[in-house]
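Worksheet for the structure shown next.
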Number of protein chains: 8
Amino acid sequence: MNKEHIVALLQEVQSGKCRIDDAMEALGKLHLPSLEISQADGHRMFRNNFSEVIFCEGKELEHLCRIIDQFIAHGHNVFGTRLSPERAQMICERFSTADYDPVSRTLEVTLRPKTIVPGKLAIICAGTADVPVAEEARRTAEFYGIETQKFYDVGVAGLHRLLASLDEIRKADVAIVIAGMEGALPSVVGGLIPCPIIAVPTSVGYGTHLNGFTPLFAMLSSCAEGISVVNVDNGFGAACAATRIFHATSNANREK
Amino acid sequence: MNKEHIVALLQEVQSGKCRIDDAMEALGKLHLPSLEISQADGHRMFRNNFSEVIFCEGKELEHLCRIIDQFIAHGHNVFGTRLSPERAQMICERFSTADYDPVSRTLEVTLRPKTIVPGKLAIICAGTADVPVAEEARRTAEFYGIETQKFYDVGVAGLHRLLASLDEIRKADVAIVIAGMEGALPSVVGGLIPCPIIAVPTSVGYGTHLNGFTPLFAMLSSCAEGISVVNVDNGFGAACAATRIFHATSNANREK
Amino acid sequence: MNKEHIVALLQEVQSGKCRIDDAMEALGKLHLPSLEISQADGHRMFRNNFSEVIFCEGKELEHLCRIIDQFIAHGHNVFGTRLSPERAQMICERFSTADYDPVSRTLEVTLRPKTIVPGKLAIICAGTADVPVAEEARRTAEFYGIETQKFYDVGVAGLHRLLASLDEIRKADVAIVIAGMEGALPSVVGGLIPCPIIAVPTSVGYGTHLNGFTPLFAMLSSCAEGISVVNVDNGFGAACAATRIFHATSNANREK
Amino acid sequence: MNKEHIVALLQEVQSGKCRIDDAMEALGKLHLPSLEISQADGHRMFRNNFSEVIFCEGKELEHLCRIIDQFIAHGHNVFGTRLSPERAQMICERFSTADYDPVSRTLEVTLRPKTIVPGKLAIICAGTADVPVAEEARRTAEFYGIETQKFYDVGVAGLHRLLASLDEIRKADVAIVIAGMEGALPSVVGGLIPCPIIAVPTSVGYGTHLNGFTPLFAMLSSCAEGISVVNVDNGFGAACAATRIFHATSNANREK
Amino acid sequence: MNKEHIVALLQEVQSGKCRIDDAMEALGKLHLPSLEISQADGHRMFRNNFSEVIFCEGKELEHLCRIIDQFIAHGHNVFGTRLSPERAQMICERFSTADYDPVSRTLEVTLRPKTIVPGKLAIICAGTADVPVAEEARRTAEFYGIETQKFYDVGVAGLHRLLASLDEIRKADVAIVIAGMEGALPSVVGGLIPCPIIAVPTSVGYGTHLNGFTPLFAMLSSCAEGISVVNVDNGFGAACAATRIFHATSNANREK
Amino acid sequence: MNKEHIVALLQEVQSGKCRIDDAMEALGKLHLPSLEISQADGHRMFRNNFSEVIFCEGKELEHLCRIIDQFIAHGHNVFGTRLSPERAQMICERFSTADYDPVSRTLEVTLRPKTIVPGKLAIICAGTADVPVAEEARRTAEFYGIETQKFYDVGVAGLHRLLASLDEIRKADVAIVIAGMEGALPSVVGGLIPCPIIAVPTSVGYGTHLNGFTPLFAMLSSCAEGISVVNVDNGFGAACAATRIFHATSNANREK
Amino acid sequence: MNKEHIVALLQEVQSGKCRIDDAMEALGKLHLPSLEISQADGHRMFRNNFSEVIFCEGKELEHLCRIIDQFIAHGHNVFGTRLSPERAQMICERFSTADYDPVSRTLEVTLRPKTIVPGKLAIICAGTADVPVAEEARRTAEFYGIETQKFYDVGVAGLHRLLASLDEIRKADVAIVIAGMEGALPSVVGGLIPCPIIAVPTSVGYGTHLNGFTPLFAMLSSCAEGISVVNVDNGFGAACAATRIFHATSNANREK
Amino acid sequence: MNKEHIVALLQEVQSGKCRIDDAMEALGKLHLPSLEISQADGHRMFRNNFSEVIFCEGKELEHLCRIIDQFIAHGHNVFGTRLSPERAQMICERFSTADYDPVSRTLEVTLRPKTIVPGKLAIICAGTADVPVAEEARRTAEFYGIETQKFYDVGVAGLHRLLASLDEIRKADVAIVIAGMEGALPSVVGGLIPCPIIAVPTSVGYGTHLNGFTPLFAMLSSCAEGISVVNVDNGFGAACAATRIFHATSNANREK
């Protein structure tokens, strides 16, 4: 039962065609549509942005192609994460406009121009081993229309590298900070810049690194205030959190 | 060596009073001041807001009073977290303007009016046991000049309570979502609203609740995109992360 | 907006007092009531049974008394869990009809006679240290109108005790099996009887017992098929799960 | 020594053929048979249902075939779990009546018609990644003669999907609720329906998902009362627990 | 139903007083007694030794006194473990023959002389902090009639202390080796002596000692072959395991 | 420097060929030999038994062959554990007298007849999945000259199987009890028989089985007294612990 | 048997008073003394330094006093760690020369002047909560005669504080770096200075800080090379490790 | 901006070409160079030593070759760790002077003679399975110009092997002690020798060995004072820590 059905029902009540008891029963079943009605337009647009993303890992190739087909048929841009190079090749053969990036293991098909979100996102990462996660964040954010700037390989054991980029980093509106090993980079960055910081631990390491739980816990225990954290290796999730912030910022601008 | 010292040094070089070699040696030691110089005013203001907060747990009473004294002497507003009622009473006897809240266990001394940050922060919590953490977040955010709105006791086992508040929740610019038990609330909220969401797990529970690690891990594994998380019971940290977002939003407004 | 409000609204539509557009807007906000409407009577009764239980731990005495007052004022029976003897004494002084049991640490106030649910629940526990959890399960089940039979101290290291009671145990419709230590009892019972079994690990033990995680994991890894498990020490939860089964059984009877 | 042997022995005692001392010695060894005697017929039938299931993982192909042969020779229906497609193919070539399902990785050989158990089992799962576990539960339950209904891909981040199916779900007698990620679905379902709920965590996820321990612990810590839980990915075990409940329900019907 | 009852029953069958059907029914219930019959005398004596031990922790004082009373009334020696000094004092006032040892926190009441088991048990411990566990083992073993010899404070960081006692240690028939910290002592001892070794980790330590799990895991991972381990701090259990060995040894002697 | 060297040295001192200072220096270096001297014959024989065993996993094939060659050259029997079938085949081609068992993955080369140790070892295991560990224990024990008896597939969910074998099991002098899943078997056996029991957890399972840590912890937390435990899957270690007990028993016989 | 005894024995062999067989037997028992002989003087001095330290936690007051008495009687300096203020007061009343420090909870009694070890030890700590551990390290090092310099409250979230002290820190020969929270300080320091660094995690924190395991694991996973780590809160152990290095350095000086 | 640039800037100030304001602005950005300036020469040399090492795992072959090329082009010696034999072969074909060691999986290209650091490093390891880690430590240390001596296969279960080497071990200036299994070797060595000891746990083992966490925790809980620890399998890190000590020792020599 959608919006038109309810209007029709009310018209039947108005015209006397439908008894109030019967209308009550019909309305008693409409909780889902009523939920849909109350979801603002802005939200739906926002939700769509997210829902078009495909988590490719574990999905069969044929299944993936069907989803992509469907998205393209509806004129949606497509973004896929965690796609292996082998399967990407087969998909790219089928969808000639698909753009696959083997480092971030993401796939993008752009049909309609993206709405550019104002502001700049700094993507800061500690070591070269963290680059795939950083690139997943960067590609995701750019798919959502956000401008990014890379600051890679600026880990805390060679502090001068980070300090050399500090002036540039300060210009960002939001920062995603990615680190494996001991996960110290977000704490140091958090003490140096005032903008929202989303920290991402990575799973590269061994022994006490605990597949990323040590940097995860370190980031959650950070001595720098106001840092929030996403799951291990979740570059995509960090970019989504950043996108939520950029949308909030845009809304703020629009409203005032 | 501060800014004035460097200017003076350069003047001595200019006037020939100081040899270039000696100037080089003096400058070789100035990394800290040079770092200070490059920290923009906006940043310092922001950092100060954070640094005035006192984590009271584990600090001796006398030590606490001295810090508060010092803050007041400099005309700063004071905010203290994790302060037990017993010690709060002794502090309030000494500082008559101090406002202590036993639920959030926070202390506030307001000397100068706060700058109000535009926008609204929703503080959503699952059960009555999570209220102390929610209140720590609320009091912290209000100390930083942010308007808040409470949505308490709207846990997922009684979904109608959450749905009843949905329209109001949607009006918020940022949401802090607090839950113990299985920590499911941020996932449900994240699927319903588009704004930035900071999730806070709480330590109230027993057995497999693992003192808050189960809701923490559940939140980090959330099926709703773009949720970021802070440490267990860290209402203060969530409010700081929200503050970073509100400041970014304000800056965005200012700039355009 | 409740049921009466919707009827009134429809009557206004019928009479032409309210325009369809305005009715649409009003209905757009009613998802909660619509949800309530769709909840069958049987369910509400069932939900009520559960919602009247008070988890007393962590609630202030005054707060507890107010809840009890409110329940009594509405003519509801009251059941409280995890109530310490000290606080129970104060409550019993105030509510003369309250019945407190120090072993299970539960409180019951019975105002109206309970509906007796047909069938019998076996409460089986391994050692004397597990009795408090067993009693919490027993008292909860009896509050919900279920007849129970106790089989205590029948742990697997003295197998003859369990085997001696086997004929009696087989007569039960549902069994709650409680064990600490290595948590082996549900596996042995599960191999001997066919009825639904809800296993409860207890936290009494030390070292590798891991505060109940070892029996919890043992029960979840049981070689006896079809055993389901609740949280450590959760005698209340086990009784609720059993109650759900007894209600399903009663419904089955009613229907046929 | 079975029942007939004991009767024969007693007859020999009666007739004087056997001395009491010798009878005592013979009886001293009969604890197992005596145990067997006390196992009711209903139980044996029930136990048999369970024991015919073969956990295929880790068993050699030749060994598996021999077991299946033996079952078929005795006229038993056969059900196998955790069987890889490769080995399934070889088995199906040998047993032409075997029905293998690659999603649930289960094998069934039906020789005699199943006894249909009255009632309906809802199988509810959160995401597409949880479907294999859901299907293992569904196929197992149907092997035991239980009617099932599927509600797949109704995870909590898109709440409208679950609410849209709610009326149908409410008609079930028992529900199995399967979820990976943060494992929130059983809590939400548990608050909406009154029937027995068996929750199954799945191992699909990464990082803080802990291979299924996070949804497991979340389910055990659920804020919805009366939910019981089985091991990670244990769709088979959940169906067995449901079967125990359906048998109890049937017995209840029979008795009254 | 005990042995005499069965004989009586058979006599009634023999004499015709009891019908075979009735005898069958009576025997159908006797699985427990039949189990009892098959337990050899040696076993019962052995089991009794164990069953007379009282784990005092968590038992109420009055309950404890009643158990002791009962044991004394039956002429049994009494042994209690994990008894705090405060409660021990009250018990000793009531039972004048009770012998309490505050280090091992054990209580013994000896009414009849113990049967001395041939052989000698070495009790070896690493540090002074491990002495309470060592003493629990020693007192338990002596209660069971085993001669013990103490080798305390011979931890591996001062190897000469252990080597100085080696000749004496070699004369033992069984060794209990107790260690906290890194739990290395059993490995070193295991490489030096050939007799059965039962290792006991202790919970004294901090940080990575993990309340005894580090020495526990170290002992289970020992590079010295043939070492078996009991739970953390379980001096009592180690003595029981040793007692089982001494009984086996005695039996071996008796038989040959 | 071995025993003969010391005698020779003393003879030189006696004869005046060697000065006391020089003898002192030589003796200062002899702690190892002196250690060797003080190791009793029985011990050396015992140690040798153990040291001839080769842990094959992770050793290169060529390295393995060289060790075996060396053992054979010295007339020692050889025993290897954790040897894969592939590598075993290559070894057996080279050493025609080698006897490889693919279930236990052990290799034996018997050159000289083994000394038979009096007594009997029961090897009891819960399920078919535990058989490889049970067989490793059996083959190891038999290599050390111990007679064994198998009681396989007697897990606690089908208690009658264990009870049926109980009389036979009681005749054993030592029992090794092997179980995966919930690890309940040693507790049940421990309550039924008085002899020394060495429990072995196995790693077969999934989810909460924790690769064997759940049965390990369950066994260490057993409610049956006097059970000691070895590492996960350590059938070899259990047999070594049993061997130490059988040697102690033999010595006891010899001495008296 | 000490050195003199061996010489005497050899003289008896030389003179013919003692037979070679008897000498062999006597020497067979001398492994400990022979070990003692081979321990160099330097070592003994070193060992003594360590052995005079008393770990006070868990020792009874009377026992502590007796140890201190004994040390003083032999003219040794005394150092005690983990001594609570309450017990310290009682000890100081008895030993008037005792110097107790409540922050580090250490006690020192200095009888003879300490040998000053050349070089300087930097004690660097992140926050004020880490000071007790830092002071334990400092007091221990100074007891061993090492000069120390404090750099406290220089955590990474306020990087300028650390950088301001860098020139001074660089002059140290060894650095102990202490941090709680995310434990990032050693990584940052390790990238800035070349000397040996011993990292100490502290237990102050909550939630994901895991009582110090998060900084411990972070330090062990550090991206800065050549950092070694001691147990949580082990300021004493860090100072001992530093002392070993200073002694090695001194020896290096002496030798060349 | 490097040193020359600053001198040039000052000369422009001196000559009046550059205004003080402009110089201030330029200097405000130089924190990195100013940091560089303050790093002493000795440090840079030291840092370089470390930075030339390549962690090969996870890097692409082509990327590796480019790094090596670059190092060689600048005349640096090259050292690579964690390089698999397969990839090493391809590298060695390209760089004829490369020396690959398959046991330690390290690669070295020596272009200029190494500066020999005075002193000797003992590399002590418990079992043959620990040799790869030991060799990584040895090869790393030798790359840094340190003389090493091997003491392999001296685990604590055969104590005589360690004691036999003790005199030689005592001559070392620093010791790296490597052990898997229960990780007891560092404790025993630490009690016998006074020099700095760096302990390395290895990941070889199974079950309770926890992939090296058990020896890691055992070493951190060691009863021997002053032992510091590096990450599991981190032979490279241990050698770096040793190198820091040897450099400190050399500096000490130089200064005096």
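Chain identifiers are assigned as A, B, and so on, following the order in which chains appear in the structure tokens; residues are numbered from 1 within each chain, and ligands are numbered from 1 in order of appearance.
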
*asked:* Please extract the residues of stretch 115-247 of chain E with a backbone DSSP assignment of helix (DSSP H, G or I) and present them as a PyMOL selection string.
replied: chain E and resi 128-143+156-164+166-169+185-192+207-220+235-247

Would you save the residues from that selection as a short mmCIF file (atom, residue, chain, number, x, y, z; two decimals), in the first residue's frame, using C-alpha atoms?
```cif
data_model
loop_
_atom_site.label_atom_id
_atom_site.label_comp_id
_atom_site.auth_asym_id
_atom_site.auth_seq_id
_atom_site.Cartn_x
_atom_site.Cartn_y
_atom_site.Cartn_z
CA THR E 128 57.48 -17.91 48.21
CA ALA E 129 54.29 -16.57 46.66
CA ASP E 130 53.44 -20.09 45.49
CA VAL E 131 53.68 -21.59 48.97
CA PRO E 132 49.93 -21.44 49.81
CA VAL E 133 49.12 -23.59 46.76
CA ALA E 134 51.99 -25.93 47.58
CA GLU E 135 50.76 -26.28 51.13
CA GLU E 136 47.22 -27.04 49.94
CA ALA E 137 48.69 -29.86 47.88
CA ARG E 138 50.85 -31.09 50.75
CA ARG E 139 48.05 -31.05 53.35
CA THR E 140 45.67 -32.79 50.95
CA ALA E 141 48.16 -35.51 50.11
CA GLU E 142 48.93 -36.10 53.78
CA PHE E 143 45.23 -36.31 54.53
CA VAL E 156 64.62 -21.27 37.69
CA ALA E 157 66.14 -17.79 37.94
CA GLY E 158 68.41 -19.17 40.68
CA LEU E 159 69.10 -22.56 39.22
CA HIS E 160 71.68 -23.60 41.84
CA ARG E 161 68.90 -23.88 44.45
CA LEU E 162 67.09 -26.51 42.40
CA LEU E 163 70.27 -28.39 41.47
CA ALA E 164 71.32 -28.49 45.13
CA LEU E 166 68.22 -32.69 42.91
CA ASP E 167 69.48 -35.85 44.58
CA GLU E 168 66.73 -35.65 47.16
CA ILE E 169 64.06 -34.86 44.57
CA LEU E 185 59.96 -24.87 36.69
CA PRO E 186 58.07 -28.02 35.56
CA SER E 187 59.96 -28.01 32.24
CA VAL E 188 63.32 -27.86 33.99
CA VAL E 189 62.34 -30.48 36.57
CA GLY E 190 60.77 -32.66 33.86
CA GLY E 191 64.10 -32.79 32.05
CA LEU E 192 65.93 -33.85 35.20
CA GLY E 207 50.06 -7.96 33.62
CA THR E 208 51.03 -10.61 31.11
CA HIS E 209 50.91 -13.24 33.83
CA LEU E 210 47.16 -13.22 33.14
CA ASN E 211 46.20 -14.45 36.60
CA GLY E 212 47.90 -17.76 36.02
CA PHE E 213 47.00 -18.46 32.39
CA THR E 214 50.53 -17.73 31.23
CA PRO E 215 52.15 -20.36 33.47
CA LEU E 216 49.22 -22.70 32.70
CA PHE E 217 49.76 -22.40 28.95
CA ALA E 218 53.53 -22.56 29.37
CA MET E 219 53.23 -25.83 31.32
CA LEU E 220 50.88 -27.30 28.71
CA GLY E 235 46.87 -27.66 44.75
CA PHE E 236 44.03 -29.87 45.94
CA GLY E 237 43.45 -31.31 42.46
CA ALA E 238 47.14 -32.00 41.98
CA ALA E 239 47.22 -33.94 45.25
CA CYS E 240 44.17 -35.93 44.12
CA ALA E 241 45.87 -36.77 40.82
CA ALA E 242 48.96 -37.85 42.78
CA THR E 243 46.77 -39.93 45.06
CA ARG E 244 45.31 -41.74 42.07
CA ILE E 245 48.87 -42.60 41.02
CA PHE E 246 49.91 -43.79 44.48
CA HIS E 247 46.81 -45.99 44.66
#
```

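Across all paired C-alpha atoms, the best overlay of chain F on chain G gives 0.8 Å RMSD.
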
*Once you count only C-alpha atoms, which residues of chain C turn out to be within 7 Å of chain D? Could you give them as number ranges by chain?*
C: 43, 46, 173, 193-196, 220-221, 225-231, 237-238, 240-241, 244-245, 248-249, 252-253

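Excluding stretch 54-68 of chain A and any residue on its chain fewer than 6 positions from it, the residues at most 8 Å away by only C-alpha atoms are Val78, Phe79, Gly80, Thr81, Arg82, Leu83, Arg87 and Ile91 of chain A; Ala129 of chain D.
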
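When atom CA of B:Ile72 is paired with atom CA of B:Glu108, their separation reads 11.4 Å.
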
*Check the DSSP output for the backbone and give back, as a PyMOL selection string, the residues of stretch 14-256 of chain A in strand (DSSP E).*
chain A and resi 53-55+78-81+99-101+106-109+117-125+146-151+174-179+197-201+227-229

*asked:* Just want the 8 Å neighbourhood of D:Gln149, counted on only C-alpha atoms, with same-chain residues fewer than 5 positions away dropped. Output as a VMD selection string.
replied: chain D and resid 120 to 123

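The coordinates place atom CA of A:Val103 at 17.4 Å from atom CA of A:Pro201.
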